[in-house]
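Report on one structure; see the data block that follows.
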Amino acid sequence: MMDLRILLPALFLVLGSGTVFAQSPAPGQVCESKNGTSCEECLRNVTCLWCITTKSCVTYPVKTILPPHSLCPLNNARWGLCWMNFQTLIITLAVVGGIIIIAFLVCLFCCCKCENFGSKRVEAKMQRQADKTKTKQEERKVEMKQRHEEIRKKYGLRGQNPYSKFA
């Protein structure tokens with residue numbers, strides 16, 4: 001259950017960041033007008049940020065990505081969900097990102113190693129096949145020479161070939 005509570009805001013942050021950057025607060029929904037209300041009331045508007053220490057609702061500082069400490073400390077800032085602070089969100093995203101990068105690198109390493117192993121195996125098989133073909137070819141050559149010798153012997157052509165000097 002705790003993993004879901006951590007991953008859900010991370011997903012919410014990733015999917016909702018486009019909305020935050022694209023939206024500008026409507027004139028009737030300025031975040032500062034929600035000061036003195038609750039966290040849930042403030043965070044109904046995705047452009048708002050709730051600070052627990054000052055109990056104030058402020059417009060999210062989009063230009064700085066993370067709210068500056070002077071506006072609200074990260075462990076007291078809430079955006080999207082009231083129970084998840086920015087500090088936890090950053091740590092969670094860093095850990096999940098690190099795990100994804102490590103998993104990708106492990107998969108890449110394993111795929112390359114397996115590919116090299118497979119190519120070495122195929123290469124060895126092709127070399128064995130080439131060696132086998134070469135030995136068969138040599139055996140055929142020897143058999144052909146024997147057959148030619150038998151034919152020469154049969155017809156009395158064992159001596160020097162008179163046409164060999166032209167070759």
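Simple scheme: letters A, B, ... for chains in structure tokens order, numbers from 1 for residues in each chain, numbers from 1 for ligands in the order shown.
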- Item | Within 7 Å of Thr59 of chain A using only C-alpha atoms, minus same-chain residues under 5 positions, as a ChimeraX atom specification | /A:31-32,47-49
For those residues, write C-alpha atoms to a file as a PDB file, in the first residue's frame.
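And here's out.pdb as it stands now:
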ATOM      1  CA  CYS A  31      -4.283  30.595  -5.649  1.00  0.00           C
ATOM      2  CA  GLU A  32      -3.607  33.380  -3.182  1.00  0.00           C
ATOM      3  CA  THR A  47      -1.407  25.525 -10.431  1.00  0.00           C
ATOM      4  CA  CYS A  48      -1.492  25.950  -6.651  1.00  0.00           C
ATOM      5  CA  LEU A  49       1.046  24.920  -4.031  1.00  0.00           C
TER       6      LEU A  49
END
- segment 20-142 of chain A: which residues are strand (DSSP E or B) by DSSP, as a ChimeraX atom specification? /A:48-51,56-59,77-78,85
Save the residues we just selected, C-alpha atoms, as a PDB file, in the first residue's frame?
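Now in again-v5.pdb:
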ATOM      1  CA  CYS A  48      -1.492  25.950  -6.651  1.00  0.00           C
ATOM      2  CA  LEU A  49       1.046  24.920  -4.031  1.00  0.00           C
ATOM      3  CA  TRP A  50       0.181  24.501  -0.340  1.00  0.00           C
ATOM      4  CA  CYS A  51       2.748  25.324   2.328  1.00  0.00           C
ATOM      5  CA  SER A  56      -0.812  29.494   2.674  1.00  0.00           C
ATOM      6  CA  CYS A  57      -1.863  28.694  -0.865  1.00  0.00           C
ATOM      7  CA  VAL A  58       0.490  30.152  -3.480  1.00  0.00           C
ATOM      8  CA  THR A  59       0.800  29.903  -7.246  1.00  0.00           C
ATOM      9  CA  ALA A  77       5.429  21.990   0.353  1.00  0.00           C
ATOM     10  CA  ARG A  78       2.486  20.049  -1.044  1.00  0.00           C
ATOM     11  CA  ASN A  85       5.768  16.388   0.249  1.00  0.00           C
TER      12      ASN A  85
END
- Find the distance between atom CA of Glu139 of chain A and atom CA of Arg152 of chain A and write it in Å to one decimal.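 Computed distance, atom CA of Glu139 of chain A to atom CA of Arg152 of chain A, equals 19.9 Å.
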